[in-house]
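Enquirer: File name query39.tsv; file contents TSV, C-alpha atoms; full text below.
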chain	number	residue	atom	x	y	z
A	19	MET	CA	-13.55	42.48	14.62
A	20	GLU	CA	-11.73	45.14	12.70
A	21	GLU	CA	-12.84	45.57	9.12
A	22	ALA	CA	-10.31	48.23	8.15
A	23	ARG	CA	-8.13	47.64	5.15
A	24	HIS	CA	-4.46	48.30	5.92
A	25	LEU	CA	-1.05	47.12	4.88
A	26	PHE	CA	0.09	43.55	5.50
A	27	LEU	CA	3.24	42.61	7.44
A	28	HIS	CA	4.05	46.10	8.70
A	29	SER	CA	3.78	48.05	5.46
A	30	ASN	CA	5.99	45.67	3.48
A	31	ILE	CA	3.26	45.33	0.86
A	32	PRO	CA	3.00	48.10	-1.72
A	33	ARG	CA	-0.31	49.79	-2.35
A	34	SER	CA	-0.36	48.38	-5.86
A	35	ALA	CA	-0.92	44.92	-4.35
A	36	PHE	CA	-4.41	45.87	-3.21
A	37	SER	CA	-7.40	45.71	-5.50
A	38	THR	CA	-7.69	49.49	-5.98
A	39	SER	CA	-6.46	49.61	-9.56
A	40	ARG	CA	-8.57	50.14	-12.61
A	41	PRO	CA	-11.14	47.47	-13.50
A	42	HIS	CA	-9.65	46.53	-16.88
A	43	LEU	CA	-6.27	45.93	-15.25
A	44	ASP	CA	-7.90	43.67	-12.64
A	45	VAL	CA	-9.60	41.64	-15.34
A	46	HIS	CA	-6.31	41.26	-17.18
A	47	ARG	CA	-4.57	40.13	-14.01
A	48	LYS	CA	-7.26	37.60	-13.19
A	49	LYS	CA	-6.97	36.15	-16.64
A	50	ARG	CA	-3.27	35.61	-16.01
A	51	GLY	CA	-3.98	34.00	-12.60
A	52	GLN	CA	-2.43	36.92	-10.68
A	53	GLY	CA	-5.64	38.66	-9.59
A	54	SER	CA	-6.05	39.66	-5.97
A	55	ARG	CA	-8.16	37.56	-3.63
A	56	SER	CA	-9.86	38.28	-0.37
A	57	TRP	CA	-7.94	37.07	2.68
A	58	ILE	CA	-8.51	37.26	6.43
A	59	LYS	CA	-5.49	38.20	8.55
A	60	ILE	CA	-5.61	37.12	12.21
A	61	ASP	CA	-2.82	38.45	14.43
A	62	GLN	CA	-1.57	37.15	17.77
A	63	ASN	CA	-4.10	39.21	19.70
A	64	GLY	CA	-7.06	37.75	17.84
A	65	ASN	CA	-7.75	40.83	15.74
A	66	THR	CA	-8.96	40.21	12.18
A	67	THR	CA	-8.50	42.28	9.06
A	68	ILE	CA	-9.87	41.78	5.55
A	69	LEU	CA	-7.13	42.11	2.93
A	70	HIS	CA	-7.03	41.89	-0.85
A	71	LEU	CA	-3.69	40.42	-1.88
A	72	ASP	CA	-2.33	38.93	-5.05
A	73	LYS	CA	-0.14	35.84	-5.29
A	74	ALA	CA	3.05	37.72	-6.00
A	75	THR	CA	2.74	39.75	-2.80
A	76	ILE	CA	2.12	36.68	-0.66
A	77	MET	CA	4.98	34.79	-2.30
A	78	ARG	CA	7.35	37.70	-1.70
A	79	ASN	CA	6.46	38.34	1.94
A	80	CYS	CA	6.03	34.72	3.05
A	81	SER	CA	8.88	33.28	0.95
A	82	LEU	CA	6.60	30.71	-0.64
A	83	PRO	CA	6.89	29.13	-4.09
A	84	ALA	CA	4.01	29.33	-6.53
A	85	ARG	CA	3.22	25.61	-6.23
A	86	ASP	CA	2.40	26.06	-2.52
A	87	LEU	CA	-0.14	28.77	-3.29
A	88	ARG	CA	-1.84	26.46	-5.76
A	89	LEU	CA	-2.75	24.25	-2.80
A	90	LEU	CA	-4.81	27.15	-1.44
A	91	ASP	CA	-6.61	27.89	-4.70
A	92	PRO	CA	-10.33	27.08	-4.25
A	93	MET	CA	-10.64	26.44	-7.99
A	94	PHE	CA	-8.58	23.27	-7.68
A	95	ILE	CA	-9.07	20.19	-5.52
A	96	TYR	CA	-5.90	18.95	-3.85
A	97	PRO	CA	-5.47	16.32	-1.14
A	98	SER	CA	-4.87	17.44	2.43
A	99	THR	CA	-1.34	18.80	2.87
A	100	ILE	CA	0.73	20.45	5.62
A	101	LEU	CA	4.00	22.01	4.45
A	102	GLY	CA	6.66	23.64	6.63
A	103	ARG	CA	8.59	26.42	4.88
A	104	GLU	CA	11.20	28.96	5.92
A	105	LYS	CA	8.82	31.65	7.14
A	106	ALA	CA	5.39	30.01	7.00
A	107	ILE	CA	3.34	26.84	7.30
A	108	VAL	CA	1.03	26.08	4.39
A	109	VAL	CA	-2.11	24.27	5.58
A	110	SER	CA	-4.64	22.73	3.23
A	111	LEU	CA	-7.00	20.55	5.27
A	112	GLU	CA	-10.36	20.01	3.58
A	113	GLN	CA	-12.01	23.46	3.52
A	114	ILE	CA	-9.47	25.12	5.83
A	115	ARG	CA	-6.76	26.64	3.64
A	116	CYS	CA	-4.42	29.13	5.25
A	117	ILE	CA	-0.84	30.35	5.64
A	118	ILE	CA	0.48	30.42	9.20
A	119	THR	CA	3.44	32.63	10.08
A	120	ALA	CA	5.11	33.35	13.42
A	121	GLU	CA	2.91	36.40	13.96
A	122	GLU	CA	-0.33	35.92	12.03
A	123	VAL	CA	-2.62	33.62	10.08
A	124	ILE	CA	-3.62	34.46	6.52
A	125	LEU	CA	-6.88	32.61	5.90
A	126	MET	CA	-8.69	32.27	2.59
A	127	ASN	CA	-11.86	34.33	2.92
A	128	SER	CA	-14.86	32.08	2.34
A	129	LEU	CA	-18.43	31.63	3.50
A	130	ASP	CA	-17.86	27.95	4.22
A	131	GLY	CA	-18.88	26.84	7.69
A	132	CYS	CA	-15.46	25.37	8.52
A	133	VAL	CA	-13.69	28.62	7.57
A	134	VAL	CA	-16.08	30.77	9.58
A	135	GLN	CA	-15.78	28.44	12.57
A	136	TYR	CA	-11.98	28.41	12.33
A	137	LYS	CA	-11.80	32.20	12.25
A	138	SER	CA	-14.19	32.74	15.16
A	139	GLU	CA	-12.69	29.96	17.30
A	140	LEU	CA	-9.10	31.08	16.73
A	141	CYS	CA	-9.94	34.69	17.59
A	142	LYS	CA	-11.77	33.53	20.70
A	143	ARG	CA	-8.88	31.39	21.90
A	144	LEU	CA	-6.26	34.07	21.21
A	145	LYS	CA	-8.25	36.71	23.06
A	146	THR	CA	-8.95	34.36	25.97
A	147	ASN	CA	-5.32	33.25	26.35
A	148	ARG	CA	-3.89	36.71	25.78
A	149	ASP	CA	-2.95	37.21	29.44
A	150	GLN	CA	-2.20	33.55	30.10
A	151	GLU	CA	1.09	31.84	29.43
A	152	ASP	CA	0.83	29.07	26.89
A	153	ASP	CA	3.52	26.52	26.19
A	154	LEU	CA	2.52	26.32	22.55
A	155	PRO	CA	3.72	29.07	20.20
A	156	PHE	CA	1.33	30.93	18.00
A	157	GLU	CA	1.84	28.79	14.89
A	158	PHE	CA	1.23	25.57	16.81
A	159	ARG	CA	-2.02	26.87	18.28
A	160	ALA	CA	-3.25	27.84	14.81
A	161	LEU	CA	-2.20	24.46	13.40
A	162	GLU	CA	-3.82	22.62	16.32
A	163	LEU	CA	-7.15	24.32	15.70
A	164	ALA	CA	-7.01	23.45	12.00
A	165	LEU	CA	-6.36	19.80	12.83
A	166	GLU	CA	-9.07	19.79	15.48
A	167	LEU	CA	-11.77	21.22	13.22
A	168	THR	CA	-10.75	18.90	10.38
A	169	CYS	CA	-10.96	15.83	12.60
A	170	ILE	CA	-14.32	16.95	14.01
A	171	SER	CA	-15.69	17.61	10.50
A	172	LEU	CA	-14.57	14.23	9.16
A	173	ASP	CA	-15.89	12.41	12.23
A	174	SER	CA	-19.27	14.11	11.93
A	175	GLN	CA	-19.46	13.11	8.26
A	176	VAL	CA	-18.72	9.51	9.22
A	177	LYS	CA	-21.46	9.56	11.86
A	178	GLU	CA	-24.00	11.02	9.41
A	179	LEU	CA	-23.11	8.41	6.81
A	180	LYS	CA	-23.47	5.63	9.38
A	181	MET	CA	-26.88	6.91	10.45
A	182	GLU	CA	-28.04	6.97	6.84
A	183	ILE	CA	-26.61	3.65	5.72
A	184	ASP	CA	-27.55	1.43	8.68
A	185	PRO	CA	-31.34	1.44	8.01
A	186	VAL	CA	-30.73	0.83	4.31
A	187	LEU	CA	-28.52	-2.17	5.02
A	188	ASP	CA	-31.04	-3.61	7.47
A	189	GLU	CA	-33.83	-3.19	4.93
A	190	LEU	CA	-31.69	-4.73	2.19
A	191	ALA	CA	-30.89	-7.72	4.37
A	192	SER	CA	-34.59	-8.37	4.91
A	193	SER	CA	-35.81	-7.68	1.37
A	194	ILE	CA	-33.58	-7.57	-1.67
A	195	SER	CA	-34.76	-4.99	-4.20
A	196	THR	CA	-33.27	-2.93	-6.99
A	197	LEU	CA	-34.00	0.33	-5.16
A	198	ASN	CA	-32.17	-0.76	-2.02
A	199	LEU	CA	-29.23	-2.05	-4.04
A	200	GLU	CA	-28.95	1.29	-5.84
A	201	ARG	CA	-29.01	3.19	-2.55
A	202	VAL	CA	-26.31	0.98	-1.09
A	203	ARG	CA	-24.18	1.45	-4.21
A	204	ARG	CA	-24.47	5.23	-3.85
A	205	PHE	CA	-23.58	5.13	-0.17
A	206	LYS	CA	-20.65	2.86	-0.91
A	207	GLY	CA	-19.23	5.42	-3.34
A	208	HIS	CA	-19.60	8.13	-0.71
A	209	LEU	CA	-17.90	5.87	1.81
A	210	LEU	CA	-14.96	5.30	-0.54
A	211	ALA	CA	-14.47	9.03	-1.13
A	212	LEU	CA	-14.66	9.78	2.60
A	213	THR	CA	-12.19	7.00	3.37
A	214	GLN	CA	-9.70	8.50	0.93
A	215	GLN	CA	-10.01	11.92	2.58
A	216	VAL	CA	-9.50	10.53	6.08
A	217	GLN	CA	-6.63	8.32	4.89
A	218	LYS	CA	-4.84	11.31	3.32
A	219	VAL	CA	-5.10	13.37	6.51
A	220	ARG	CA	-3.82	10.40	8.51
A	221	ASP	CA	-0.91	9.84	6.13
A	222	GLU	CA	0.02	13.53	6.24
A	223	ILE	CA	0.12	13.58	10.05
A	224	GLU	CA	2.09	10.34	10.10
A	225	HIS	CA	4.57	11.74	7.57
A	226	LEU	CA	5.16	14.80	9.76
A	227	MET	CA	5.64	12.64	12.85
A	228	ASP	CA	8.22	10.47	11.08
A	229	ASP	CA	10.28	13.40	9.73
A	230	ASP	CA	12.04	15.51	12.37
A	231	GLY	CA	13.29	17.88	9.68
A	232	ASP	CA	9.78	18.83	8.63
A	233	MET	CA	8.76	19.36	12.24
A	234	ALA	CA	11.84	21.53	12.82
A	235	GLU	CA	10.89	23.66	9.80
A	236	MET	CA	7.52	24.36	11.40
A	237	HIS	CA	9.03	26.07	14.49
A	238	LEU	CA	8.63	29.55	13.09
A	239	THR	CA	8.78	31.41	16.40
A	240	GLU	CA	11.98	29.64	17.42
A	241	LYS	CA	13.61	30.27	14.06
A	242	LYS	CA	12.64	33.94	14.15
A	243	ARG	CA	14.00	34.38	17.69
A	244	ARG	CA	17.23	32.61	16.80
A	245	MET	CA	17.75	34.78	13.75
A	246	GLU	CA	17.15	37.92	15.81
A	247	ASP	CA	19.57	36.75	18.51
A	248	ASN	CA	22.26	35.91	15.98
A	249	SER	CA	21.89	39.22	14.19
A	250	SER	CA	21.97	41.21	17.45
A	251	ALA	CA	25.01	39.27	18.71
A	252	SER	CA	26.81	39.81	15.42
A	253	ASP	CA	26.09	43.55	15.54
A	254	ILE	CA	27.31	43.83	19.15
A	255	ASN	CA	30.51	41.91	18.45
A	256	PHE	CA	31.22	43.89	15.33
A	257	ARG	CA	30.65	47.20	17.13
A	258	SER	CA	32.83	46.17	20.05
A	259	SER	CA	35.65	45.15	17.71
A	260	THR	CA	35.49	48.40	15.80
A	261	SER	CA	34.58	50.78	18.66
A	262	SER	CA	38.23	51.71	19.45
A	263	GLY	CA	38.66	52.98	15.89
A	264	PRO	CA	41.94	53.34	14.00
A	265	LYS	CA	44.96	54.32	16.02
A	266	LYS	CA	46.50	57.73	15.38
A	267	VAL	CA	50.06	57.35	14.17
A	268	SER	CA	52.47	60.26	14.28
A	269	LYS	CA	53.90	61.32	11.02
A	270	SER	CA	57.39	61.44	12.46
A	271	ALA	CA	57.15	58.07	14.14
A	272	PRO	CA	58.54	55.15	12.25
A	273	VAL	CA	56.06	52.65	10.99
A	274	SER	CA	56.48	49.30	12.65
A	275	PRO	CA	56.04	46.27	10.41
A	276	SER	CA	54.13	44.53	13.20
A	277	ASP	CA	51.21	46.98	13.07
A	278	PRO	CA	49.38	45.40	10.13
A	279	ILE	CA	49.90	42.00	11.71
A	280	GLY	CA	48.35	43.25	14.94
A	281	GLY	CA	45.33	44.62	13.03
A	282	ALA	CA	44.86	41.30	11.28
A	283	GLN	CA	45.00	39.51	14.61
A	284	LYS	CA	42.31	41.82	15.99
A	285	LEU	CA	40.07	41.14	13.04
A	286	GLN	CA	40.70	37.41	13.42
A	287	ARG	CA	39.80	37.54	17.12
A	288	ALA	CA	36.65	39.49	16.34
A	289	PHE	CA	35.68	36.98	13.68
A	290	SER	CA	36.34	34.06	16.03
A	291	THR	CA	34.18	35.75	18.67
A	292	ILE	CA	31.33	36.09	16.20
A	293	VAL	CA	31.69	32.48	15.08
A	294	GLY	CA	31.83	31.26	18.68
A	295	SER	CA	28.70	33.17	19.61
A	296	SER	CA	26.89	31.81	16.57
A	297	LYS	CA	27.98	28.27	17.51
A	298	ASN	CA	26.74	28.73	21.06
A	299	GLY	CA	23.46	30.09	19.73
A	300	SER	CA	23.12	27.15	17.35
A	301	LEU	CA	23.78	24.67	20.17
A	302	MET	CA	21.19	26.32	22.39
A	303	GLY	CA	18.81	26.47	19.43
A	304	SER	CA	19.32	22.78	18.74
A	305	SER	CA	18.49	21.86	22.34
A	306	ASN	CA	15.40	24.05	22.24
A	307	ASN	CA	14.58	22.53	18.86
A	308	GLY	CA	14.56	19.07	20.41
A	309	GLU	CA	12.06	20.19	23.01
A	310	ARG	CA	9.91	21.89	20.40
A	311	ILE	CA	9.99	18.84	18.15
A	312	GLU	CA	8.85	16.68	21.04
A	313	GLN	CA	6.10	19.17	21.81
A	314	LEU	CA	4.88	19.23	18.21
A	315	GLU	CA	5.16	15.45	17.98
A	316	MET	CA	2.90	15.03	21.01
A	317	LEU	CA	0.38	17.43	19.46
A	318	LEU	CA	0.40	15.54	16.16
A	319	GLU	CA	0.20	12.21	17.93
A	320	ALA	CA	-2.98	13.25	19.75
A	321	TYR	CA	-4.76	14.08	16.50
A	322	PHE	CA	-3.26	11.04	14.80
A	323	VAL	CA	-5.11	8.91	17.35
A	324	VAL	CA	-8.34	10.81	16.65
A	325	ILE	CA	-8.10	10.50	12.87
A	326	ASP	CA	-7.07	6.84	13.18
A	327	CYS	CA	-10.21	6.20	15.25
A	328	THR	CA	-12.28	7.85	12.52
A	329	LEU	CA	-10.61	5.64	9.94
A	330	SER	CA	-11.41	2.59	12.09
A	331	LYS	CA	-15.09	3.60	12.08
A	332	LEU	CA	-15.01	3.76	8.30
A	333	SER	CA	-13.34	0.36	8.15
A	334	SER	CA	-15.99	-1.16	10.41
A	335	LEU	CA	-18.73	0.44	8.31
A	336	LYS	CA	-17.11	-0.94	5.16
A	337	GLY	CA	-16.96	-4.35	6.83
A	338	TYR	CA	-20.66	-4.09	7.70
A	339	ILE	CA	-21.46	-3.38	4.04
A	340	GLU	CA	-19.32	-6.31	2.93
A	341	ASP	CA	-21.04	-8.61	5.44
A	342	THR	CA	-24.42	-7.49	4.12
A	343	GLU	CA	-23.25	-8.17	0.58
A	344	ASP	CA	-22.09	-11.65	1.62
A	345	LEU	CA	-25.48	-12.28	3.22
A	346	ILE	CA	-27.22	-11.19	0.03
A	347	ASN	CA	-24.98	-13.44	-2.03
A	348	ILE	CA	-25.77	-16.36	0.29
A	349	LYS	CA	-29.49	-15.71	-0.05
A	350	LEU	CA	-29.23	-15.43	-3.82
A	351	GLY	CA	-27.19	-18.63	-3.91
A	352	ASN	CA	-29.81	-20.41	-1.84
A	353	VAL	CA	-32.55	-19.26	-4.20
A	354	GLN	CA	-30.47	-20.39	-7.14
A	355	ASN	CA	-30.01	-23.81	-5.53
A	356	GLN	CA	-33.75	-24.12	-5.02
A	357	LEU	CA	-34.32	-23.28	-8.66
A	358	ILE	CA	-31.76	-25.90	-9.74
A	359	LYS	CA	-33.43	-28.49	-7.51
A	360	PHE	CA	-36.83	-27.70	-8.97
A	361	GLU	CA	-35.35	-27.89	-12.47
A	362	LEU	CA	-33.99	-31.38	-11.74
A	363	PHE	CA	-37.37	-32.57	-10.52
A	364	LEU	CA	-39.04	-31.07	-13.55
A	365	THR	CA	-36.51	-32.61	-15.93
A	366	ALA	CA	-36.94	-36.08	-14.43
A	367	ALA	CA	-40.73	-35.79	-14.59
A	368	THR	CA	-40.53	-34.58	-18.19
A	369	PHE	CA	-38.39	-37.59	-19.14
A	370	VAL	CA	-40.86	-40.00	-17.53
A	371	ALA	CA	-43.80	-38.31	-19.25
A	372	THR	CA	-41.94	-38.53	-22.54
A	373	VAL	CA	-41.58	-42.33	-22.18
A	374	PHE	CA	-45.29	-42.63	-21.43
A	375	ALA	CA	-46.11	-40.43	-24.42
A	376	VAL	CA	-43.91	-42.58	-26.70
A	377	VAL	CA	-45.80	-45.76	-25.71
A	378	ALA	CA	-49.14	-44.03	-26.17
A	379	GLY	CA	-47.99	-42.74	-29.58
A	380	ILE	CA	-46.95	-46.22	-30.72
A	381	PHE	CA	-50.32	-47.71	-29.86
A	382	GLY	CA	-52.08	-44.83	-31.51
A	383	MET	CA	-50.75	-45.79	-34.95
A	384	ASN	CA	-53.03	-47.38	-37.54
A	385	PHE	CA	-51.79	-50.97	-37.75
A	386	SER	CA	-53.36	-54.36	-37.03
A	387	ALA	CA	-52.21	-56.36	-33.99
A	388	SER	CA	-53.63	-59.21	-31.91
A	389	VAL	CA	-53.43	-57.11	-28.77
A	390	PHE	CA	-56.25	-54.94	-30.02
A	391	ASP	CA	-58.58	-57.95	-30.09
A	392	ASP	CA	-58.67	-58.07	-26.28
A	393	PRO	CA	-60.48	-54.99	-24.85
A	394	SER	CA	-58.53	-55.07	-21.54
A	395	ALA	CA	-55.10	-55.58	-23.14
A	396	PHE	CA	-54.53	-51.86	-23.65
A	397	ASN	CA	-55.28	-51.17	-19.98
A	398	TRP	CA	-52.52	-53.60	-18.99
A	399	VAL	CA	-50.16	-51.82	-21.33
A	400	LEU	CA	-50.92	-48.49	-19.67
A	401	VAL	CA	-50.45	-49.95	-16.17
A	402	MET	CA	-47.15	-51.55	-17.06
A	403	THR	CA	-45.95	-48.34	-18.74
A	404	GLY	CA	-46.91	-46.30	-15.66
A	405	VAL	CA	-45.08	-48.68	-13.33
A	406	PHE	CA	-42.03	-48.59	-15.57
A	407	CYS	CA	-42.05	-44.76	-15.65
A	408	GLY	CA	-42.42	-44.63	-11.85
A	409	ILE	CA	-39.42	-46.94	-11.45
A	410	ILE	CA	-37.39	-44.66	-13.74
A	411	TYR	CA	-38.44	-41.53	-11.83
A	412	PHE	CA	-37.52	-42.93	-8.42
A	413	SER	CA	-34.27	-44.22	-9.87
A	414	PHE	CA	-33.42	-40.63	-10.80
A	415	LEU	CA	-34.24	-39.45	-7.27
A	416	PHE	CA	-32.14	-42.18	-5.71
A	417	TYR	CA	-29.25	-41.26	-7.98
A	418	PHE	CA	-29.49	-37.56	-7.02
A	419	ARG	CA	-29.56	-38.50	-3.36
A	420	SER	CA	-26.55	-40.79	-3.67
A	421	LYS	CA	-24.58	-37.93	-5.28
A	422	ASN	CA	-25.64	-35.49	-2.49
A	423	ILE	CA	-27.19	-33.18	-5.03
A	424	PHE	CA	-30.13	-32.63	-2.70
A	425	SER	CA	-31.72	-34.44	0.20
A	426	LEU	CA	-35.18	-35.97	-0.11
What would you get if you wrote out this structure as structure tokens?

Expert:
Amino acid sequence: MEEARHLFLHSNIPRSAFSTSRPHLDVHRKKRGQGSRSWIKIDQNGNTTILHLDKATIMRNCSLPARDLRLLDPMFIYPSTILGREKAIVVSLEQIRCIITAEEVILMNSLDGCVVQYKSELCKRLKTNRDQEDDLPFEFRALELALELTCISLDSQVKELKMEIDPVLDELASSISTLNLERVRRFKGHLLALTQQVQKVRDEIEHLMDDDGDMAEMHLTEKKRRMEDNSSASDINFRSSTSSGPKKVSKSAPVSPSDPIGGAQKLQRAFSTIVGSSKNGSLMGSSNNGERIEQLEMLLEAYFVVIDCTLSKLSSLKGYIEDTEDLINIKLGNVQNQLIKFELFLTAATFVATVFAVVAGIFGMNFSASVFDDPSAFNWVLVMTGVFCGIIYFSFLFYFRSKNIFSL
């Protein structure tokens, strides 16, 4: 891997764009948001170069607006986005943030594992397929690798989350505790955030598949070749129309009034030739565009299936959590029903005991009655009161059973 610092895009970048200026100027630029950043340039041969470029230089050479470069700023968190521009493709997929042109990839220099893996894998594939013919152009191969690593990263996160949350859910289903509920709540928040990330990548791929104009904008190699062919054809036609040069007219010869008309006709024929060649080139480009769009659509469709499968895994995991929550709610409802049943029994028994206590309290008062003359009379009062309380208690139970409140 080359580590030399050289100019970007064939010396189109001035030396002032590199971070070789004085320190106080660099600090002032960074405060204004225009400071240079470290980028990795990967060409078509798989060679890498470390560059220090500012936003203005990248915007000028890649024809990108400032809002597209904000998507690549690591200081901000933006959802996953793939944008097709005139001369570049702006890719912001999780940690992989890069600018893809027809000839090179400008990757944000970072120590993140996804960035390092993307750089090494892209260089490896470009060097391996250097002598082999590939149907995919350079920009599609770079975009394919970004989609592939993003899908692999999201799928691995889903698998790790599933491995962590399954034992917790099983333990929660067997024993409900505050600690297990807190762990499930934390995992559920992580699941929601991961679902949003996967859903955004899926929506972005689906949006590209539904819009042929966006897919046509991403054919950078085809657009560059068409522009070169049109410019070369225009130059050839213009040179052929003007190669004969102006005719020499004798001073003594009379000037014919048809001469300027003939010159205008020649210019008109030359112009019609140029327009006809451009029309033919546009027709051929449109047919090639259809093939390229179909090729890109098949590539996007393959990764759409992969990311949709990952989203299905998240949906099933979310359903598993919801089923566990329903089971917990059923168990808690059953416990609550048992408590209500016990409360009914206790209330009925309390009422019966209250009646018995009222009778005992009446006979405990200090008053004279003939019933106190017989020693066994009070025993009969207690027996009759007990029987009456028992009849009341079983009447309550029969009433509860008739209303299907609980079964005896």

Enquirer: Select, from A:Asn65, A:Tyr321, A:Arg88, A:Cys141, the residue with the minimum atom-to-atom distance to Glu166 of chain A, counting only C-alpha atoms.

Expert: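 Going through A:Asn65, A:Tyr321, A:Arg88, A:Cys141 one by one, the smallest distance to Glu166 of chain A is for A:Tyr321.
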
Enquirer: So what do you get for atom CA of Asn397 of chain A versus atom CA of Phe414 of chain A, distance-wise?

Expert: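 Atom CA of Phe414 of chain A lies 25.9 Å from atom CA of Asn397 of chain A.
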
Enquirer: Measuring atom to atom with all atoms listed in the file, identify which of A:Ala160, A:Leu350, A:Ala191, A:Ile223 is nearest to Glu122 of chain A.

Expert: A:Ala160

Enquirer: What is the distance, in Å and to one decimal place, between atom CA of Phe158 of chain A and atom CA of Arg85 of chain A?

Expert: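 Atom-to-atom, atom CA of Phe158 of chain A to atom CA of Arg85 of chain A, that is 23.1 Å.
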
Enquirer: Hey, can you check how far atom CA of Gln217 of chain A sits from atom CA of Leu335 of chain A?

Expert: 14.8 Å

Enquirer: Using only C-alpha atoms, which of the listed residues (A:Leu179, A:Cys132, A:Leu101, A:Ala234) sits closest to Ala211 of chain A?

Expert: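 With only C-alpha atoms as the atom set, the closest residue is A:Leu179.
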
Enquirer: Name the closest residue to Arg148 of chain A among the candidates A:Leu314, A:Gly64, A:Arg244, A:Asp344; distances are taken between atoms, counting all atoms listed in the file.

Expert: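 Going through A:Leu314, A:Gly64, A:Arg244, A:Asp344 one by one, the smallest distance to Arg148 of chain A is for A:Gly64.
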
Enquirer: May I ask which of the residues A:Glu222, A:Phe360, A:Val401, A:Asn147 is the closest one to Leu318 of chain A, counting only C-alpha atoms?

Expert: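 Smallest distance to Leu318 of chain A is found for A:Glu222.
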
Enquirer: When you count all atoms listed in the file, which of these residues is closest to Asp326 of chain A: A:Arg419, A:Arg203, A:Lys73, A:Arg220?

Expert: A:Arg220

Enquirer: Find the residues around segment 361-372 of chain A up to 10 Å (all atoms listed in the file counted), leave out those fewer than 2 positions away in its own chain, and share them as number ranges by chain.

Expert: A: 355-359, 374-378, 403-404, 406-415, 418, 423-424

Enquirer: List as an MDAnalysis selection string the residues having at least one atom at most 9 Å from position (1.3, 25.6, 6.0) as given in the file, counting all atoms listed in the file.

Expert: chainID A and resid 86 99:103 106:110 115:119 161 236

Enquirer: Put those residues in a file: C-alpha atoms, as a compact mmCIF listing (two decimals), in the frame of the given file.

Expert:
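New file again_4.txt:
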# COMPACT_ATOMS: atom_id res chain seq x y z
CA ASP A 86 2.40 26.06 -2.52
CA THR A 99 -1.34 18.80 2.87
CA ILE A 100 0.73 20.45 5.62
CA LEU A 101 4.00 22.01 4.45
CA GLY A 102 6.66 23.64 6.63
CA ARG A 103 8.59 26.42 4.88
CA ALA A 106 5.39 30.01 7.00
CA ILE A 107 3.34 26.84 7.30
CA VAL A 108 1.03 26.08 4.39
CA VAL A 109 -2.11 24.27 5.58
CA SER A 110 -4.64 22.73 3.23
CA ARG A 115 -6.76 26.64 3.64
CA CYS A 116 -4.42 29.13 5.25
CA ILE A 117 -0.84 30.35 5.64
CA ILE A 118 0.48 30.42 9.20
CA THR A 119 3.44 32.63 10.08
CA LEU A 161 -2.20 24.46 13.40
CA MET A 236 7.52 24.36 11.40

Enquirer: Give me the residues within 9 Å of Leu87 of chain A as a PyMOL selection string, counting all atoms listed in the file and dropping any in the same chain fewer than 3 places off.

Expert: chain A and resi 73+76-77+82-84+90-91+108

Enquirer: Quick one: write out the picked residues with C-alpha atoms as a PDB file, in the frame of the given file?

Expert:
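Contents of the output file result-v7.pdb:
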ATOM      1  CA  LYS A  73      -0.140  35.840  -5.290  1.00  0.00           C
ATOM      2  CA  ILE A  76       2.120  36.680  -0.660  1.00  0.00           C
ATOM      3  CA  MET A  77       4.980  34.790  -2.300  1.00  0.00           C
ATOM      4  CA  LEU A  82       6.600  30.710  -0.640  1.00  0.00           C
ATOM      5  CA  PRO A  83       6.890  29.130  -4.090  1.00  0.00           C
ATOM      6  CA  ALA A  84       4.010  29.330  -6.530  1.00  0.00           C
ATOM      7  CA  LEU A  90      -4.810  27.150  -1.440  1.00  0.00           C
ATOM      8  CA  ASP A  91      -6.610  27.890  -4.700  1.00  0.00           C
ATOM      9  CA  VAL A 108       1.030  26.080   4.390  1.00  0.00           C
TER      10      VAL A 108
END

Enquirer: Quick one: everything within 12 Å of Glu343 of chain A, counting all atoms listed in the file, minus sequence neighbours fewer than 2 positions away in the same chain. Send it as a list in words.

Expert: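 Listing them by chain and then by number gives Leu187, Asp188, Leu190, Ala191, Ile194, Asn198, Leu199, Val202, Arg203, Lys206, Lys336, Gly337, Tyr338, Ile339, Glu340, Asp341, Leu345, Ile346, Asn347, Ile348, Lys349 and Leu350 of chain A.
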
Enquirer: Around (-5.4, 36.9, 16.8) in the file's own coordinates, what residues are found within 10 Å if you use all atoms listed in the file, given back as a short mmCIF file (atom, residue, chain, number, x, y, z; two decimals) with C-alpha atoms, in the frame of the given file?

Expert:
data_model
loop_
_atom_site.label_atom_id
_atom_site.label_comp_id
_atom_site.auth_asym_id
_atom_site.auth_seq_id
_atom_site.Cartn_x
_atom_site.Cartn_y
_atom_site.Cartn_z
CA LYS A 59 -5.49 38.20 8.55
CA ILE A 60 -5.61 37.12 12.21
CA ASP A 61 -2.82 38.45 14.43
CA GLN A 62 -1.57 37.15 17.77
CA ASN A 63 -4.10 39.21 19.70
CA GLY A 64 -7.06 37.75 17.84
CA ASN A 65 -7.75 40.83 15.74
CA THR A 66 -8.96 40.21 12.18
CA THR A 67 -8.50 42.28 9.06
CA GLU A 121 2.91 36.40 13.96
CA GLU A 122 -0.33 35.92 12.03
CA VAL A 123 -2.62 33.62 10.08
CA LYS A 137 -11.80 32.20 12.25
CA SER A 138 -14.19 32.74 15.16
CA LEU A 140 -9.10 31.08 16.73
CA CYS A 141 -9.94 34.69 17.59
CA LYS A 142 -11.77 33.53 20.70
CA ARG A 143 -8.88 31.39 21.90
CA LEU A 144 -6.26 34.07 21.21
CA LYS A 145 -8.25 36.71 23.06
CA ARG A 148 -3.89 36.71 25.78
CA PHE A 156 1.33 30.93 18.00
CA ALA A 160 -3.25 27.84 14.81
#
